[in-house]
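Shown below: protein-v5.cif, with mmCIF, C-alpha atoms.
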```cif
data_model
loop_
_atom_site.label_atom_id
_atom_site.label_comp_id
_atom_site.auth_asym_id
_atom_site.auth_seq_id
_atom_site.Cartn_x
_atom_site.Cartn_y
_atom_site.Cartn_z
CA MET A 1 -21.71 -64.28 -34.55
CA MET A 2 -24.93 -62.28 -34.81
CA LYS A 3 -24.80 -61.61 -31.08
CA ARG A 4 -21.24 -60.25 -31.37
CA ALA A 5 -22.23 -57.89 -34.24
CA ILE A 6 -25.16 -56.55 -32.22
CA MET A 7 -22.92 -55.99 -29.18
CA ASP A 8 -20.29 -54.18 -31.31
CA LYS A 9 -22.99 -51.95 -32.79
CA SER A 10 -24.37 -51.22 -29.31
CA GLU A 11 -20.90 -50.24 -27.99
CA GLU A 12 -20.32 -48.02 -31.02
CA GLN A 13 -23.61 -46.19 -30.44
CA GLU A 14 -22.76 -45.64 -26.78
CA GLU A 15 -19.41 -44.08 -27.73
CA ASN A 16 -21.01 -41.73 -30.28
CA GLU A 17 -23.96 -40.59 -28.19
CA CYS A 18 -23.56 -37.70 -25.78
CA THR A 19 -25.26 -37.92 -22.46
CA VAL A 20 -27.79 -35.32 -21.40
CA VAL A 21 -25.36 -34.09 -18.77
CA GLN A 22 -22.63 -33.56 -21.38
CA VAL A 23 -24.99 -31.64 -23.63
CA LEU A 24 -26.13 -29.44 -20.72
CA CYS A 25 -22.54 -28.78 -19.66
CA LEU A 26 -21.56 -27.79 -23.19
CA ALA A 27 -24.61 -25.52 -23.48
CA CYS A 28 -23.77 -23.84 -20.17
CA LEU A 29 -20.15 -23.37 -21.20
CA GLU A 30 -21.21 -21.88 -24.52
CA PHE A 31 -23.59 -19.49 -22.72
CA ILE A 32 -20.88 -18.38 -20.27
CA LEU A 33 -18.37 -17.77 -23.06
CA GLU A 34 -20.93 -15.74 -25.02
CA GLN A 35 -21.65 -13.60 -21.95
CA LEU A 36 -17.93 -13.02 -21.39
CA ARG A 37 -17.53 -11.98 -25.02
CA ALA A 38 -20.39 -9.52 -24.64
CA LEU A 39 -18.84 -8.08 -21.48
CA LEU A 40 -15.48 -7.68 -23.18
CA GLU A 41 -17.18 -5.59 -25.84
CA TYR A 42 -18.10 -3.06 -23.17
CA PHE A 43 -15.04 -3.29 -20.93
CA ASN A 44 -11.97 -2.76 -23.08
CA ARG A 45 -9.06 -0.38 -23.24
CA TRP A 46 -10.45 1.31 -26.33
CA ALA A 47 -13.66 2.28 -24.51
CA PHE A 48 -11.79 4.47 -22.03
CA THR A 49 -10.33 6.52 -24.85
CA TYR A 50 -13.59 6.70 -26.80
CA CYS A 51 -15.35 7.83 -23.62
CA ALA A 52 -12.73 10.54 -22.99
CA VAL A 53 -12.63 11.82 -26.57
CA TYR A 54 -16.35 11.85 -27.33
CA GLY A 55 -17.88 12.19 -23.85
CA ASP A 56 -20.10 9.13 -24.16
CA SER A 57 -21.00 7.01 -21.16
CA PHE A 58 -18.62 4.11 -20.62
CA MET A 59 -21.13 1.44 -21.67
CA THR A 60 -22.07 3.38 -24.81
CA ALA A 61 -18.43 4.08 -25.61
CA GLY A 62 -17.53 0.39 -25.31
CA SER A 63 -20.09 -0.73 -27.84
CA ASN A 64 -19.51 2.30 -30.12
CA VAL A 65 -15.76 1.81 -30.35
CA MET A 66 -16.08 -1.89 -31.09
CA GLU A 67 -18.70 -1.12 -33.74
CA LEU A 68 -16.30 1.47 -35.21
CA PHE A 69 -13.53 -1.12 -35.46
CA ARG A 70 -15.90 -3.69 -36.99
CA ARG A 71 -17.20 -1.15 -39.50
CA ARG A 72 -13.63 -0.23 -40.52
CA GLY A 73 -12.53 -3.86 -40.61
CA TRP A 74 -9.91 -3.15 -37.96
CA GLU A 75 -10.30 -6.26 -35.81
CA ALA A 76 -6.86 -7.42 -36.98
CA ILE A 77 -5.27 -4.06 -36.21
CA ILE A 78 -6.53 -3.90 -32.64
CA SER A 79 -5.73 -7.57 -32.07
CA ASP A 80 -2.17 -7.16 -33.30
CA ASP A 81 -1.11 -5.15 -30.25
CA LEU A 82 2.67 -5.07 -30.26
CA VAL A 83 2.88 -1.80 -28.34
CA THR A 84 1.58 -3.32 -25.11
CA THR A 85 4.07 -6.17 -25.40
CA ALA A 86 6.95 -3.78 -26.09
CA LEU A 87 5.97 -1.59 -23.14
CA LEU A 88 5.71 -4.65 -20.89
CA PHE A 89 9.24 -5.72 -21.79
CA THR A 90 10.41 -2.14 -21.25
CA LYS A 91 8.88 -2.08 -17.76
CA LEU A 92 10.38 -5.46 -16.88
CA SER A 93 13.82 -4.40 -18.19
CA ILE A 94 13.75 -1.23 -16.10
CA ALA A 95 12.63 -3.19 -13.03
CA LEU A 96 15.34 -5.79 -13.58
CA GLY A 97 17.90 -3.03 -13.98
CA GLY A 98 16.78 -1.51 -10.69
CA ALA A 99 17.01 -4.87 -8.95
CA ILE A 100 20.47 -5.58 -10.34
CA GLY A 101 21.60 -2.06 -9.41
CA SER A 102 20.43 -2.52 -5.83
CA LEU A 103 22.14 -5.92 -5.64
CA VAL A 104 25.41 -4.42 -6.88
CA LEU A 105 25.13 -1.62 -4.30
CA CYS A 106 24.38 -4.13 -1.53
CA VAL A 107 27.45 -6.15 -2.46
CA PHE A 108 29.62 -3.03 -2.84
CA PHE A 109 28.64 -1.66 0.58
CA GLY A 110 28.71 -5.08 2.23
CA VAL A 111 25.03 -5.25 3.13
CA HIS A 112 24.25 -8.87 3.90
CA THR A 113 21.16 -8.69 6.07
CA LEU A 114 17.93 -8.43 4.14
CA ARG A 115 19.81 -8.11 0.86
CA TRP A 116 17.15 -10.00 -1.11
CA LEU A 117 14.39 -7.95 0.44
CA VAL A 118 16.14 -4.80 -0.80
CA VAL A 119 16.49 -6.34 -4.26
CA VAL A 120 12.81 -7.36 -4.42
CA LEU A 121 11.65 -3.96 -3.15
CA SER A 122 13.90 -2.24 -5.69
CA PHE A 123 12.43 -4.38 -8.45
CA LEU A 124 8.88 -3.48 -7.38
CA ALA A 125 9.67 0.23 -7.00
CA ALA A 126 11.30 0.38 -10.43
CA LEU A 127 8.37 -1.54 -11.94
CA LEU A 128 5.87 0.92 -10.46
CA MET A 129 7.85 3.95 -11.67
CA ALA A 130 8.21 2.49 -15.15
CA SER A 131 4.48 1.72 -15.19
CA CYS A 132 3.70 5.39 -14.52
CA VAL A 133 5.48 6.33 -17.72
CA THR A 134 4.43 3.45 -19.94
CA VAL A 135 0.73 3.78 -19.11
CA VAL A 136 0.85 7.31 -20.53
CA LEU A 137 2.59 6.08 -23.68
CA ASP A 138 0.05 3.29 -24.09
CA ALA A 139 -2.85 5.71 -23.67
CA GLY A 140 -1.34 7.93 -26.36
CA VAL A 141 -1.09 5.02 -28.78
CA VAL A 142 -4.68 3.96 -28.08
CA THR A 143 -5.88 7.54 -28.59
CA VAL A 144 -4.12 7.82 -31.94
CA ILE A 145 -5.63 4.51 -33.11
CA VAL A 146 -9.17 5.40 -32.00
CA CYS A 147 -9.07 8.91 -33.47
CA PHE A 148 -7.48 7.66 -36.69
CA ALA A 149 -10.13 4.96 -37.02
CA GLU A 150 -12.90 7.50 -36.52
CA ASP A 151 -11.57 10.08 -39.00
CA PRO A 152 -7.97 10.34 -40.22
CA ARG A 153 -8.49 13.68 -42.01
CA PRO A 154 -7.69 15.95 -39.01
CA CYS A 155 -4.37 14.14 -38.60
CA LYS A 156 -3.66 14.61 -42.31
CA GLU A 157 -4.55 18.32 -42.17
CA HIS A 158 -2.72 19.26 -38.97
CA HIS A 159 0.23 16.83 -38.96
CA PRO A 160 0.88 15.87 -42.59
CA GLU A 161 4.37 14.43 -42.03
CA ASP A 162 3.26 12.25 -39.12
CA PHE A 163 0.15 11.23 -41.05
CA ALA A 164 2.23 10.19 -44.07
CA LEU A 165 4.50 8.00 -41.93
CA LEU A 166 1.60 6.43 -40.03
CA TYR A 167 -0.59 5.85 -43.06
CA SER A 168 2.16 4.41 -45.25
CA ALA A 169 3.24 2.02 -42.48
CA TRP A 170 -0.32 0.84 -41.85
CA VAL A 171 -0.98 0.40 -45.58
CA LYS A 172 2.11 -1.83 -45.85
CA VAL A 173 1.09 -4.02 -42.92
CA TYR A 174 -2.73 -3.89 -43.27
CA PRO A 175 -3.51 -3.15 -46.94
CA ASP A 176 -7.04 -4.58 -46.89
CA GLU A 177 -8.03 -2.85 -43.66
CA MET A 178 -6.75 0.51 -44.92
CA GLU A 179 -8.52 0.22 -48.30
CA SER A 180 -11.63 1.95 -46.92
CA TYR A 181 -9.60 5.09 -46.21
CA ASN A 182 -8.50 5.64 -49.80
CA GLU A 183 -11.87 7.04 -50.81
CA LEU A 184 -12.18 9.05 -47.60
CA LEU A 185 -8.76 10.61 -48.09
CA GLY A 186 -9.01 11.01 -51.84
CA SER A 187 -6.22 8.53 -52.51
CA PRO A 188 -6.33 6.20 -55.48
CA SER A 189 -7.39 2.63 -54.72
CA ARG A 190 -4.78 -0.09 -55.03
CA ARG A 191 -7.22 -2.34 -56.88
#
```
Encoding of this model in structure tokens:
Amino acid sequence: MMKRAIMDKSEEQEENECTVVQVLCLACLEFILEQLRALLEYFNRWAFTYCAVYGDSFMTAGSNVMELFRRRGWEAIISDDLVTTALLFTKLSIALGGAIGSLVLCVFFGVHTLRWLVVVLSFLAALLMASCVTVVLDAGVVTVIVCFAEDPRPCKEHHPEDFALLYSAWVKVYPDEMESYNELLGSPSRR
């Protein structure tokens, strides 16, 4: 009986203890993930805009823009990126429409040879053309967010109607994140 209890205890300890190899693997994985996170701070879509607007080097712009978002408490705002998703679905819808249109034309004109090649090439061509437009729209959205995060007062002074729509919408969705702007803009605090 005593021997069985000792063996059970020994098996339990073996299950709970990590081997040196497991610990080293976990440490390496943690190191790699930390390095990737640090790289993502420098290489992000916001850095391009910050670099263009303020003329900083790309590496400086990457860290500055992320620091700006952290300082403003905007991590949730930049993470909640519905515009990119909407533009992706727009591009795919346009490309699908182009592919369907080419298929209809192939059937209408009786083209049977290489019909699917024409459809695939039409899809790709429409996707590329749609991407040319949507990348400009996405860059505009990113620019508005970066400039608004830096200082919303120029938007308020030069485009008061647009500012009112943008600010009221963001306050509804992100009330805590937008609280820091009340003092800056001279608005009463909600608290």
* Structure fact -> Residue with the minimum atom-to-atom distance to Val142 (chain A), picked from A:Ile78, A:Ala61, A:Leu184, A:Val23 with all atoms listed in the file counted, is A:Ile78
* Could you expand the PyMOL selection byres ((chain A and resi 138) around 12) into the explicit residues it covers here, written as a PyMOL selection string? => chain A and resi 45-46+49+81-88+131-137+139-145
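The closest residue to Ala99 (chain A), picked from A:Thr113, A:Ser122, A:Ser79, A:Ser168 and counting all atoms listed in the file, is A:Ser122.
Once the PyMOL selection byres ((chain A and resi 68-77) around 8) is applied to the shown structure, the selection contains Asn64, Val65, Met66, Glu67, Ile78, Ser79, Asp80, Asp81, Ala149, Glu150, Tyr174, Glu177 and Ser180 of chain A.
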* Any idea what the distance is between CA of Lys91 (chain A) and CA of Phe109 (chain A)? -> 27.0 Å
* To do: Go through A:Thr19, A:Leu117, A:Ser93, A:Pro160 one by one, measure the shortest atom-to-atom distance of each to Ala130 (chain A) using all atoms listed in the file, and give the residue with the smallest value.
  => A:Ser93
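Of note, CA of Pro152 (chain A) and CA of Ser57 (chain A) are spaced 23.3 Å apart.
Proximity of A:Phe108, A:Arg153, A:Tyr50, A:Asp162 to Asn182 (chain A), computed with only C-alpha atoms, is greatest for A:Arg153.
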